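Shown next: upload.pdb, given as PDB, C-alpha atoms and all ligand atoms.
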```pdb
MODEL        1
ATOM      1  CA  MET A   1      25.899 -15.837   9.137
ATOM      2  CA  HIS A   2      22.764 -16.523   7.127
ATOM      3  CA  ILE A   3      20.728 -19.478   5.964
ATOM      4  CA  ARG A   4      18.470 -19.828   2.965
ATOM      5  CA  VAL A   5      14.852 -19.963   4.117
ATOM      6  CA  TRP A   6      12.527 -18.867   1.290
ATOM      7  CA  ASP A   7      13.322 -20.593  -1.999
ATOM      8  CA  ALA A   8      12.956 -18.826  -5.359
ATOM      9  CA  LEU A   9       9.467 -20.176  -6.059
ATOM     10  CA  VAL A  10       8.117 -19.150  -2.629
ATOM     11  CA  ARG A  11       9.455 -15.618  -3.179
ATOM     12  CA  ALA A  12       8.276 -15.334  -6.769
ATOM     13  CA  LEU A  13       4.790 -16.576  -5.886
ATOM     14  CA  HIS A  14       4.554 -14.290  -2.861
ATOM     15  CA  TRP A  15       5.283 -11.136  -4.852
ATOM     16  CA  THR A  16       3.104 -12.338  -7.737
ATOM     17  CA  LEU A  17       0.197 -12.908  -5.346
ATOM     18  CA  ALA A  18       0.731  -9.553  -3.613
ATOM     19  CA  ALA A  19       0.840  -7.661  -6.922
ATOM     20  CA  ALA A  20      -2.150  -9.553  -8.351
ATOM     21  CA  VAL A  21      -4.350  -9.043  -5.269
ATOM     22  CA  ALA A  22      -3.449  -5.343  -5.109
ATOM     23  CA  THR A  23      -4.194  -4.901  -8.824
ATOM     24  CA  ALA A  24      -7.505  -6.780  -8.538
ATOM     25  CA  LEU A  25      -8.559  -4.695  -5.519
ATOM     26  CA  ILE A  26      -7.757  -1.402  -7.240
ATOM     27  CA  SER A  27      -9.265  -2.312 -10.613
ATOM     28  CA  GLY A  28     -12.377  -3.733  -8.905
ATOM     29  CA  HIS A  29     -13.070  -0.348  -7.350
ATOM     30  CA  TRP A  30     -12.286   1.564 -10.497
ATOM     31  CA  PRO A  31     -15.259   1.692 -12.800
ATOM     32  CA  PRO A  32     -15.357   1.405 -15.804
ATOM     33  CA  SER A  33     -12.482  -1.073 -15.432
ATOM     34  CA  HIS A  34     -14.916  -3.064 -13.290
ATOM     35  CA  PHE A  35     -15.414  -5.564 -16.104
ATOM     36  CA  ASP A  36     -12.004  -4.990 -17.488
ATOM     37  CA  ALA A  37      -9.487  -7.519 -18.736
ATOM     38  CA  VAL A  38      -7.040  -6.123 -16.172
ATOM     39  CA  HIS A  39      -9.322  -7.100 -13.295
ATOM     40  CA  HIS A  40     -10.034 -10.567 -14.625
ATOM     41  CA  THR A  41      -6.392 -11.262 -15.473
ATOM     42  CA  ALA A  42      -5.135 -10.073 -12.073
ATOM     43  CA  GLY A  43      -7.827 -12.155 -10.349
ATOM     44  CA  TYR A  44      -6.942 -15.315 -12.280
ATOM     45  CA  VAL A  45      -3.225 -14.777 -11.633
ATOM     46  CA  ALA A  46      -3.964 -14.525  -7.894
ATOM     47  CA  GLY A  47      -5.947 -17.793  -7.962
ATOM     48  CA  ALA A  48      -3.236 -19.561  -9.950
ATOM     49  CA  ALA A  49      -0.475 -18.295  -7.631
ATOM     50  CA  VAL A  50      -2.336 -19.734  -4.634
ATOM     51  CA  ALA A  51      -2.905 -23.099  -6.348
ATOM     52  CA  LEU A  52       0.736 -23.402  -7.351
ATOM     53  CA  ARG A  53       1.986 -22.371  -3.936
ATOM     54  CA  LEU A  54      -0.306 -24.892  -2.260
ATOM     55  CA  ALA A  55       1.148 -27.674  -4.411
ATOM     56  CA  TRP A  56       4.649 -26.426  -3.530
ATOM     57  CA  GLY A  57       3.558 -26.618   0.118
ATOM     58  CA  PHE A  58       3.647 -30.403  -0.316
ATOM     59  CA  ALA A  59       6.407 -30.824  -2.882
ATOM     60  CA  GLY A  60       8.806 -28.015  -1.960
ATOM     61  CA  GLY A  61      11.741 -27.791   0.414
ATOM     62  CA  ARG A  62      11.759 -27.569   4.197
ATOM     63  CA  TYR A  63      10.420 -24.063   4.906
ATOM     64  CA  ALA A  64       8.020 -24.102   1.957
ATOM     65  CA  ARG A  65       6.129 -27.071   3.377
ATOM     66  CA  LEU A  66       2.823 -26.706   5.179
ATOM     67  CA  ALA A  67       3.871 -29.439   7.583
ATOM     68  CA  GLN A  68       6.756 -27.222   8.694
ATOM     69  CA  PHE A  69       4.714 -24.149   9.606
ATOM     70  CA  VAL A  70       1.117 -25.196  10.278
ATOM     71  CA  ARG A  71       1.126 -25.847  14.010
ATOM     72  CA  SER A  72      -1.484 -27.131  16.444
ATOM     73  CA  PRO A  73      -3.994 -24.736  18.055
ATOM     74  CA  ARG A  74      -2.198 -25.391  21.316
ATOM     75  CA  ALA A  75       1.108 -24.148  19.867
ATOM     76  CA  VAL A  76      -0.659 -21.090  18.424
ATOM     77  CA  LEU A  77      -2.184 -20.279  21.811
ATOM     78  CA  ALA A  78       1.152 -20.723  23.584
ATOM     79  CA  TYR A  79       2.773 -18.417  21.032
ATOM     80  CA  ALA A  80       0.053 -15.772  21.455
ATOM     81  CA  ARG A  81       0.452 -15.898  25.239
ATOM     82  CA  ALA A  82       4.239 -15.566  24.981
ATOM     83  CA  MET A  83       3.703 -12.612  22.643
ATOM     84  CA  ARG A  84       1.456 -10.884  25.163
ATOM     85  CA  ALA A  85       4.101 -11.406  27.812
ATOM     86  CA  GLY A  86       6.716 -10.033  25.401
ATOM     87  CA  HIS A  87       8.968 -13.077  25.182
ATOM     88  CA  GLU A  88       7.817 -15.078  22.139
ATOM     89  CA  PRO A  89      10.621 -17.057  20.511
ATOM     90  CA  ARG A  90      11.953 -16.263  17.069
ATOM     91  CA  TYR A  91      10.953 -18.752  14.365
ATOM     92  CA  ILE A  92      13.112 -19.391  11.320
ATOM     93  CA  GLY A  93      10.091 -20.222   9.124
ATOM     94  CA  HIS A  94       6.618 -18.727   9.682
ATOM     95  CA  ASN A  95       5.715 -18.375  13.351
ATOM     96  CA  PRO A  96       2.601 -20.277  14.583
ATOM     97  CA  LEU A  97       0.255 -17.275  14.252
ATOM     98  CA  GLY A  98       1.805 -16.361  10.906
ATOM     99  CA  GLY A  99       1.302 -19.922   9.660
ATOM    100  CA  TRP A 100      -2.465 -19.747  10.136
ATOM    101  CA  MET A 101      -2.538 -16.259   8.665
ATOM    102  CA  VAL A 102      -0.854 -17.693   5.558
ATOM    103  CA  LEU A 103      -3.615 -20.317   5.209
ATOM    104  CA  LEU A 104      -6.269 -17.641   5.696
ATOM    105  CA  LEU A 105      -4.684 -15.358   3.088
ATOM    106  CA  TRP A 106      -4.494 -18.194   0.558
ATOM    107  CA  GLY A 107      -8.011 -19.417   1.289
ATOM    108  CA  VAL A 108      -9.653 -16.024   0.976
ATOM    109  CA  ALA A 109      -7.559 -14.969  -2.054
ATOM    110  CA  PHE A 110      -8.610 -18.179  -3.807
ATOM    111  CA  ALA A 111     -12.255 -17.699  -2.793
ATOM    112  CA  VAL A 112     -12.360 -14.140  -4.198
ATOM    113  CA  SER A 113     -10.833 -15.391  -7.413
ATOM    114  CA  ALA A 114     -13.261 -18.335  -7.673
ATOM    115  CA  THR A 115     -16.380 -16.232  -6.973
ATOM    116  CA  GLY A 116     -15.207 -13.639  -9.533
ATOM    117  CA  TRP A 117     -14.837 -16.355 -12.160
ATOM    118  CA  LEU A 118     -18.206 -17.948 -11.282
ATOM    119  CA  TYR A 119     -19.899 -14.595 -11.727
ATOM    120  CA  THR A 120     -18.722 -14.539 -15.345
ATOM    121  CA  THR A 121     -20.183 -17.986 -16.158
ATOM    122  CA  ASP A 122     -23.567 -18.471 -17.911
ATOM    123  CA  TRP A 123     -24.577 -20.531 -14.935
ATOM    124  CA  LEU A 124     -24.284 -17.832 -12.258
ATOM    125  CA  TRP A 125     -24.010 -14.539 -14.107
ATOM    126  CA  GLY A 126     -26.295 -11.830 -12.755
ATOM    127  CA  TYR A 127     -26.977 -13.352  -9.341
ATOM    128  CA  GLU A 128     -26.723 -10.538  -6.849
ATOM    129  CA  TRP A 129     -25.792 -12.760  -3.925
ATOM    130  CA  LEU A 130     -22.683 -13.926  -5.773
ATOM    131  CA  SER A 131     -21.610 -10.419  -6.655
ATOM    132  CA  ASP A 132     -22.183  -9.411  -3.001
ATOM    133  CA  LEU A 133     -20.177 -12.399  -1.822
ATOM    134  CA  HIS A 134     -17.329 -11.497  -4.208
ATOM    135  CA  ALA A 135     -17.310  -7.914  -2.880
ATOM    136  CA  ALA A 136     -17.426  -9.066   0.765
ATOM    137  CA  LEU A 137     -14.507 -11.465   0.218
ATOM    138  CA  ALA A 138     -12.586  -8.637  -1.458
ATOM    139  CA  TRP A 139     -13.040  -6.517   1.676
ATOM    140  CA  LEU A 140     -11.992  -9.467   3.788
ATOM    141  CA  ILE A 141      -8.748 -10.036   1.863
ATOM    142  CA  ALA A 142      -7.959  -6.302   2.075
ATOM    143  CA  THR A 143      -8.449  -6.438   5.864
ATOM    144  CA  LEU A 144      -6.319  -9.574   6.190
ATOM    145  CA  VAL A 145      -3.515  -7.995   4.163
ATOM    146  CA  ILE A 146      -3.462  -5.033   6.568
ATOM    147  CA  GLY A 147      -3.249  -7.506   9.466
ATOM    148  CA  HIS A 148      -0.506  -9.393   7.604
ATOM    149  CA  LEU A 149       1.561  -6.239   7.146
ATOM    150  CA  GLY A 150       1.072  -5.385  10.825
ATOM    151  CA  GLY A 151       2.305  -8.849  11.798
ATOM    152  CA  VAL A 152       5.360  -8.550   9.550
ATOM    153  CA  VAL A 153       6.289  -5.138  10.987
ATOM    154  CA  MET A 154       5.764  -6.326  14.546
ATOM    155  CA  ALA A 155       7.794  -9.544  14.176
ATOM    156  CA  SER A 156      10.561  -7.626  12.370
ATOM    157  CA  TRP A 157      10.734  -5.119  15.193
ATOM    158  CA  ARG A 158      10.595  -7.646  18.035
ATOM    159  CA  HIS A 159      13.351  -9.820  16.625
ATOM    160  CA  ARG A 160      15.424  -7.009  15.109
ATOM    161  CA  GLU A 161      15.192  -8.620  11.711
ATOM    162  CA  ASN A 162      14.231  -7.301   8.280
ATOM    163  CA  LEU A 163      11.595  -9.857   7.279
ATOM    164  CA  VAL A 164      10.639  -7.926   4.136
ATOM    165  CA  GLY A 165      14.267  -8.073   2.976
ATOM    166  CA  ALA A 166      14.213 -11.814   3.686
ATOM    167  CA  MET A 167      11.161 -12.228   1.388
ATOM    168  CA  PHE A 168      13.349 -10.747  -1.392
ATOM    169  CA  SER A 169      16.721 -12.385  -0.672
ATOM    170  CA  GLY A 170      15.380 -15.614   0.838
ATOM    171  CA  ARG A 171      18.001 -15.387   3.566
ATOM    172  CA  LYS A 172      17.658 -14.995   7.327
ATOM    173  CA  ARG A 173      19.999 -14.849  10.294
ATOM    174  CA  VAL A 174      21.083 -18.326  11.419
ATOM    175  CA  PRO A 175      19.199 -19.818  14.379
ATOM    176  CA  GLU A 176      20.496 -18.676  17.744
ATOM    177  CA  ALA A 177      19.894 -20.011  21.264
ATOM    178  CA  GLY A 178      16.147 -20.005  22.016
ATOM    179  CA  ASP A 179      15.088 -19.774  18.365
ATOM    180  CA  ILE A 180      12.761 -22.390  16.913
ATOM    181  CA  ASP A 181      13.811 -23.879  13.614
TER     182      ASP A 181
HETATM  183  C1  LIG B 201      -1.921  -8.290  -1.332
HETATM  184  C2  LIG B 201      -0.834  -8.334  -0.659
HETATM  185  C3  LIG B 201      -0.205  -9.531   0.034
HETATM  186  C4  LIG B 201      -0.632 -10.819   0.196
HETATM  187  C5  LIG B 201      -1.938 -11.434  -0.304
HETATM  188  C6  LIG B 201       0.404 -11.510   0.938
HETATM  189  C7  LIG B 201       0.371 -12.848   1.296
HETATM  190  C8  LIG B 201       1.396 -13.542   1.920
HETATM  191  C9  LIG B 201       1.470 -14.964   2.078
HETATM  192  C10 LIG B 201       0.395 -15.952   1.587
HETATM  193  C11 LIG B 201       2.632 -15.261   2.714
HETATM  194  C12 LIG B 201       3.209 -16.646   2.988
HETATM  195  C13 LIG B 201       4.310 -16.872   1.988
HETATM  196  C14 LIG B 201       4.596 -18.329   1.683
HETATM  197  O1  LIG B 201       4.919 -19.107   2.587
HETATM  198  O2  LIG B 201       4.488 -18.697   0.500
HETATM  199  C15 LIG B 201       3.298 -14.014   2.988
HETATM  200  C16 LIG B 201       4.505 -13.896   3.636
HETATM  201  C17 LIG B 201       5.172 -12.703   3.795
HETATM  202  N1  LIG B 201       4.789 -11.482   3.294
HETATM  203 FE1  LIG B 201       3.106 -11.063   2.277
HETATM  204  N2  LIG B 201       1.427 -10.643   1.218
HETATM  205  C18 LIG B 201       1.081  -9.434   0.669
HETATM  206  C19 LIG B 201       1.831  -8.281   0.682
HETATM  207  C20 LIG B 201       3.032  -8.150   1.321
HETATM  208  C21 LIG B 201       3.801  -6.937   1.346
HETATM  209  C22 LIG B 201       3.411  -5.632   0.651
HETATM  210  C23 LIG B 201       4.908  -7.205   2.113
HETATM  211  C24 LIG B 201       6.055  -6.326   2.496
HETATM  212  C25 LIG B 201       6.037  -5.055   2.622
HETATM  213  C26 LIG B 201       4.829  -8.582   2.539
HETATM  214  C27 LIG B 201       5.761  -9.221   3.308
HETATM  215  C28 LIG B 201       5.736 -10.555   3.636
HETATM  216  C29 LIG B 201       6.761 -11.200   4.434
HETATM  217  C30 LIG B 201       7.987 -10.526   5.049
HETATM  218  C31 LIG B 201       6.400 -12.532   4.539
HETATM  219  C32 LIG B 201       7.153 -13.616   5.327
HETATM  220  C33 LIG B 201       6.615 -13.600   6.728
HETATM  221  C34 LIG B 201       7.460 -14.452   7.653
HETATM  222  O3  LIG B 201       8.660 -14.201   7.772
HETATM  223  O4  LIG B 201       6.911 -15.402   8.260
HETATM  224  N3  LIG B 201       3.675  -9.132   2.047
HETATM  225  N4  LIG B 201       2.535 -12.990   2.483
HETATM  226  C1  LIG B 202      -7.937 -11.730  -5.879
HETATM  227  C2  LIG B 202      -8.891 -11.726  -6.760
HETATM  228  C3  LIG B 202      -9.969 -10.654  -6.878
HETATM  229  C4  LIG B 202     -10.213  -9.553  -6.093
HETATM  230  C5  LIG B 202      -9.449  -9.059  -4.871
HETATM  231  C6  LIG B 202     -11.386  -8.898  -6.669
HETATM  232  C7  LIG B 202     -11.962  -7.729  -6.179
HETATM  233  C8  LIG B 202     -13.097  -7.128  -6.675
HETATM  234  C9  LIG B 202     -13.707  -5.929  -6.159
HETATM  235  C10 LIG B 202     -13.160  -5.101  -4.993
HETATM  236  C11 LIG B 202     -14.824  -5.681  -6.895
HETATM  237  C12 LIG B 202     -15.815  -4.529  -6.711
HETATM  238  C13 LIG B 202     -16.894  -4.988  -5.779
HETATM  239  C14 LIG B 202     -17.912  -3.909  -5.513
HETATM  240  O1  LIG B 202     -18.788  -3.716  -6.360
HETATM  241  O2  LIG B 202     -17.842  -3.294  -4.456
HETATM  242  C15 LIG B 202     -14.925  -6.708  -7.904
HETATM  243  C16 LIG B 202     -15.936  -6.809  -8.836
HETATM  244  C17 LIG B 202     -15.968  -7.733  -9.852
HETATM  245  N1  LIG B 202     -15.034  -8.734 -10.082
HETATM  246 FE1  LIG B 202     -13.445  -9.155  -8.921
HETATM  247  N2  LIG B 202     -11.808  -9.610  -7.758
HETATM  248  C18 LIG B 202     -10.967 -10.687  -7.930
HETATM  249  C19 LIG B 202     -11.039 -11.643  -8.916
HETATM  250  C20 LIG B 202     -11.946 -11.642  -9.964
HETATM  251  C21 LIG B 202     -11.966 -12.594 -11.062
HETATM  252  C22 LIG B 202     -10.985 -13.761 -11.253
HETATM  253  C23 LIG B 202     -13.016 -12.260 -11.867
HETATM  254  C24 LIG B 202     -13.510 -12.887 -13.148
HETATM  255  C25 LIG B 202     -12.794 -13.476 -14.002
HETATM  256  C26 LIG B 202     -13.653 -11.115 -11.265
HETATM  257  C27 LIG B 202     -14.784 -10.508 -11.778
HETATM  258  C28 LIG B 202     -15.432  -9.441 -11.206
HETATM  259  C29 LIG B 202     -16.673  -8.874 -11.728
HETATM  260  C30 LIG B 202     -17.448  -9.365 -12.941
HETATM  261  C31 LIG B 202     -17.010  -7.814 -10.855
HETATM  262  C32 LIG B 202     -18.251  -6.913 -10.942
HETATM  263  C33 LIG B 202     -19.369  -7.531 -10.142
HETATM  264  C34 LIG B 202     -20.588  -6.643 -10.060
HETATM  265  O3  LIG B 202     -20.515  -5.473 -10.386
HETATM  266  O4  LIG B 202     -21.642  -7.126  -9.630
HETATM  267  N3  LIG B 202     -12.981 -10.763 -10.111
HETATM  268  N4  LIG B 202     -13.863  -7.593  -7.743
ENDMDL
END
```
Before we go any further, please render this structure as structure tokens.
Amino acid sequence: MHIRVWDALVRALHWTLAAAVATALISGHWPPSHFDAVHHTAGYVAGAAVALRLAWGFAGGRYARLAQFVRSPRAVLAYARAMRAGHEPRYIGHNPLGGWMVLLLWGVAFAVSATGWLYTTDWLWGYEWLSDLHAALAWLIATLVIGHLGGVVMASWRHRENLVGAMFSGRKRVPEAGDID
């Protein structure tokens, strides 16, 4: 038995963001495409995907909403402790640690996009600190994505559940005893 968790827009925006960030990272490190239309387009798409998803986080359905998956620091700590002890509950939406990781991924993806755009404006073009900041944020998002993939693999393994498949189909196993919906 399965329930629908990730709606079509959540899934579409996730894979759009993933593809756009990956393309921007690769093209950014690939001179002469440094100043290329591919890099700028991918970067803008990433920023737009975050903005849209954030709006959907207020207007969308149950599991798309920020209020559903952004939990208090206390809940995050309790979850981390349970994880260390090897008995963290299964969450139907994002788990408490995952929820904050989502905010971090959005925030940094948007910040890389915004600094990239600012660097192309007459106002801030040529300032080295901005270019350095853009590069540092790009490294940060790359690091976070590696952490994100590690979290997905770990949660999939611990709860015997294909979370990657769920990000494509939208469906997950129905809540069982002990799960948190
Ligand atoms: C640049 C690459 C990526 C970025 C920036 C990224 C970002 C995100 C974000 C922001 C979410 C939250 C989704 C939402 O609620 O709208 C998410 C969830 C998720 N992502 Fe990614 N992602 C990336 C790549 C990937 C890849 C390559 C995979 C799979 C191999 C993946 C698997 C997942 C899964 C399974 C979830 C749901 C996690 C859960 O069940 O709580 N992501 N990702
Ligand atoms: C998710 C979004 C983005 C990512 C991950 C990203 C990543 C990168 C990376 C890795 C570099 C190379 C940094 C280095 O020199 O080591 C770079 C450079 C650059 N990016 Fe982006 N970028 C993004 C968005 C954008 C956007 C939206 C624009 C402009 C419209 C942009 C404009 C530039 C420019 C002009 C450079 C060259 C800066 C210089 O050489 O000083 N980027 N970006």
What's around Arg11 in chain A at 10 Å? Count only C-alpha atoms, leave out sequence neighbours fewer than 6 positions away in its own chain, and write the answer as a list in words.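 So the residues in contact are Leu17, Ala166, Met167, Phe168, Ser169 and Gly170 of chain A.
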Give me a file of those residues, with C-alpha atoms, as a PDB file, in the frame of the given file.
```pdb
ATOM      1  CA  LEU A  17       0.197 -12.908  -5.346  1.00  0.00           C
ATOM      2  CA  ALA A 166      14.213 -11.814   3.686  1.00  0.00           C
ATOM      3  CA  MET A 167      11.161 -12.228   1.388  1.00  0.00           C
ATOM      4  CA  PHE A 168      13.349 -10.747  -1.392  1.00  0.00           C
ATOM      5  CA  SER A 169      16.721 -12.385  -0.672  1.00  0.00           C
ATOM      6  CA  GLY A 170      15.380 -15.614   0.838  1.00  0.00           C
TER       7      GLY A 170
END
```
Write out as a PyMOL selection string each polymer residue whose atoms come within 10 Å of Ala64 in chain A, counting only C-alpha atoms; drop sequence neighbours fewer than 4 positions from it. chain A and resi 5-7+9-10+53-54+56-60+68-69+93-94
Please compute the CA of Val174 in chain A-CA of Leu77 in chain A distance, one decimal, in Å.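 Here the two named atoms are 25.6 Å from each other.
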Excluding Leu105 in chain A and residues on its chain fewer than 2 positions from it, collect all residues at most 8 Å away from it, counting all atoms listed in the file, and give them as a PyMOL selection string. chain A and resi 101-103+107-109+141+144-145
What are the nearest atom pairs, with distances in Å to one decimal, for all residues of chain A that come at most 6 Å from ligand LIG 202 (chain B), using all atoms listed in the file, set out by chain and rising residue number as a Markdown table?
```
| residue | atom | partner | partner_atom | distance |
| --- | --- | --- | --- | --- |
| A:Val21 | CA | B:LIG202 | C1 | 4.5 |
| A:Ala24 | CA | B:LIG202 | C4 | 4.6 |
| A:Leu25 | CA | B:LIG202 | C5 | 4.5 |
| A:Gly28 | CA | B:LIG202 | C11 | 3.7 |
| A:His29 | CA | B:LIG202 | C12 | 5.0 |
| A:His34 | CA | B:LIG202 | C32 | 5.6 |
| A:Phe35 | CA | B:LIG202 | C30 | 5.3 |
| A:His40 | CA | B:LIG202 | C25 | 4.1 |
| A:Gly43 | CA | B:LIG202 | C19 | 3.6 |
| A:Tyr44 | CA | B:LIG202 | C22 | 4.5 |
| A:Ala46 | CA | B:LIG202 | C1 | 5.3 |
| A:Ala109 | CA | B:LIG202 | C1 | 5.0 |
| A:Val112 | CA | B:LIG202 | C2 | 4.9 |
| A:Ser113 | CA | B:LIG202 | C19 | 4.0 |
| A:Gly116 | CA | B:LIG202 | C26 | 3.4 |
| A:Trp117 | CA | B:LIG202 | C24 | 3.8 |
| A:Tyr119 | CA | B:LIG202 | C30 | 5.9 |
| A:Thr120 | CA | B:LIG202 | C30 | 5.8 |
| A:Ser131 | CA | B:LIG202 | O4 | 4.4 |
| A:Ala135 | CA | B:LIG202 | C13 | 4.1 |
| A:Ala138 | CA | B:LIG202 | C5 | 4.7 |
```
Let me see the file: selected residues, C-alpha atoms, as a PDB file, in the frame of the given file.
```
ATOM      1  CA  VAL A  21      -4.350  -9.043  -5.269  1.00  0.00           C
ATOM      2  CA  ALA A  24      -7.505  -6.780  -8.538  1.00  0.00           C
ATOM      3  CA  LEU A  25      -8.559  -4.695  -5.519  1.00  0.00           C
ATOM      4  CA  GLY A  28     -12.377  -3.733  -8.905  1.00  0.00           C
ATOM      5  CA  HIS A  29     -13.070  -0.348  -7.350  1.00  0.00           C
ATOM      6  CA  HIS A  34     -14.916  -3.064 -13.290  1.00  0.00           C
ATOM      7  CA  PHE A  35     -15.414  -5.564 -16.104  1.00  0.00           C
ATOM      8  CA  HIS A  40     -10.034 -10.567 -14.625  1.00  0.00           C
ATOM      9  CA  GLY A  43      -7.827 -12.155 -10.349  1.00  0.00           C
ATOM     10  CA  TYR A  44      -6.942 -15.315 -12.280  1.00  0.00           C
ATOM     11  CA  ALA A  46      -3.964 -14.525  -7.894  1.00  0.00           C
ATOM     12  CA  ALA A 109      -7.559 -14.969  -2.054  1.00  0.00           C
ATOM     13  CA  VAL A 112     -12.360 -14.140  -4.198  1.00  0.00           C
ATOM     14  CA  SER A 113     -10.833 -15.391  -7.413  1.00  0.00           C
ATOM     15  CA  GLY A 116     -15.207 -13.639  -9.533  1.00  0.00           C
ATOM     16  CA  TRP A 117     -14.837 -16.355 -12.160  1.00  0.00           C
ATOM     17  CA  TYR A 119     -19.899 -14.595 -11.727  1.00  0.00           C
ATOM     18  CA  THR A 120     -18.722 -14.539 -15.345  1.00  0.00           C
ATOM     19  CA  SER A 131     -21.610 -10.419  -6.655  1.00  0.00           C
ATOM     20  CA  ALA A 135     -17.310  -7.914  -2.880  1.00  0.00           C
ATOM     21  CA  ALA A 138     -12.586  -8.637  -1.458  1.00  0.00           C
TER      22      ALA A 138
END
```
Given the file shown, enumerate the residues that the PyMOL selection byres (((chain A and resi 155) around 12) and not hetatm) captures and present them as an MDAnalysis selection string. chainID A and resid 83 86:92 94:98 148:154 156:164
From the block you just saw, export range 64-79 of chain A: N, CA and C atoms, as a JSON list (two decimals), in the first residue's frame.
```
[["chain", "number", "residue", "atom", "x", "y", "z"],
["A", 64, "ALA", "N", 4.34, 19.30, 0.78],
["A", 64, "ALA", "CA", 5.12, 20.33, 0.11],
["A", 64, "ALA", "C", 5.37, 21.51, 1.05],
["A", 65, "ARG", "N", 4.56, 21.62, 2.08],
["A", 65, "ARG", "CA", 4.58, 22.82, 2.93],
["A", 65, "ARG", "C", 5.75, 22.85, 3.91],
["A", 66, "LEU", "N", 6.33, 24.03, 4.04],
["A", 66, "LEU", "CA", 7.43, 24.21, 4.99],
["A", 66, "LEU", "C", 6.96, 23.90, 6.41],
["A", 67, "ALA", "N", 5.73, 24.29, 6.71],
["A", 67, "ALA", "CA", 5.21, 24.09, 8.06],
["A", 67, "ALA", "C", 5.14, 22.61, 8.41],
["A", 68, "GLN", "N", 5.07, 21.75, 7.38],
["A", 68, "GLN", "CA", 5.00, 20.32, 7.65],
["A", 68, "GLN", "C", 6.37, 19.74, 8.01],
["A", 69, "PHE", "N", 7.45, 20.28, 7.40],
["A", 69, "PHE", "CA", 8.73, 19.60, 7.59],
["A", 69, "PHE", "C", 9.83, 20.43, 8.27],
["A", 70, "VAL", "N", 9.58, 21.71, 8.52],
["A", 70, "VAL", "CA", 10.58, 22.48, 9.26],
["A", 70, "VAL", "C", 10.24, 22.37, 10.74],
["A", 71, "ARG", "N", 11.07, 21.63, 11.46],
["A", 71, "ARG", "CA", 10.79, 21.35, 12.87],
["A", 71, "ARG", "C", 11.71, 22.13, 13.79],
["A", 72, "SER", "N", 11.34, 22.17, 15.06],
["A", 72, "SER", "CA", 12.11, 22.95, 16.04],
["A", 72, "SER", "C", 13.50, 22.35, 16.23],
["A", 73, "PRO", "N", 14.46, 23.19, 16.68],
["A", 73, "PRO", "CA", 15.81, 22.68, 16.97],
["A", 73, "PRO", "C", 15.76, 21.50, 17.95],
["A", 74, "ARG", "N", 14.82, 21.56, 18.87],
["A", 74, "ARG", "CA", 14.70, 20.48, 19.84],
["A", 74, "ARG", "C", 14.36, 19.15, 19.14],
["A", 75, "ALA", "N", 13.44, 19.21, 18.18],
["A", 75, "ALA", "CA", 13.05, 18.00, 17.44],
["A", 75, "ALA", "C", 14.22, 17.49, 16.61],
["A", 76, "VAL", "N", 15.01, 18.45, 16.05],
["A", 76, "VAL", "CA", 16.16, 18.05, 15.23],
["A", 76, "VAL", "C", 17.19, 17.33, 16.10],
["A", 77, "LEU", "N", 17.43, 17.89, 17.30],
["A", 77, "LEU", "CA", 18.39, 17.29, 18.22],
["A", 77, "LEU", "C", 17.93, 15.90, 18.64],
["A", 78, "ALA", "N", 16.65, 15.77, 18.96],
["A", 78, "ALA", "CA", 16.11, 14.48, 19.39],
["A", 78, "ALA", "C", 16.27, 13.46, 18.25],
["A", 79, "TYR", "N", 16.03, 13.92, 17.03],
["A", 79, "TYR", "CA", 16.17, 13.02, 15.88],
["A", 79, "TYR", "C", 17.62, 12.59, 15.70]]
```
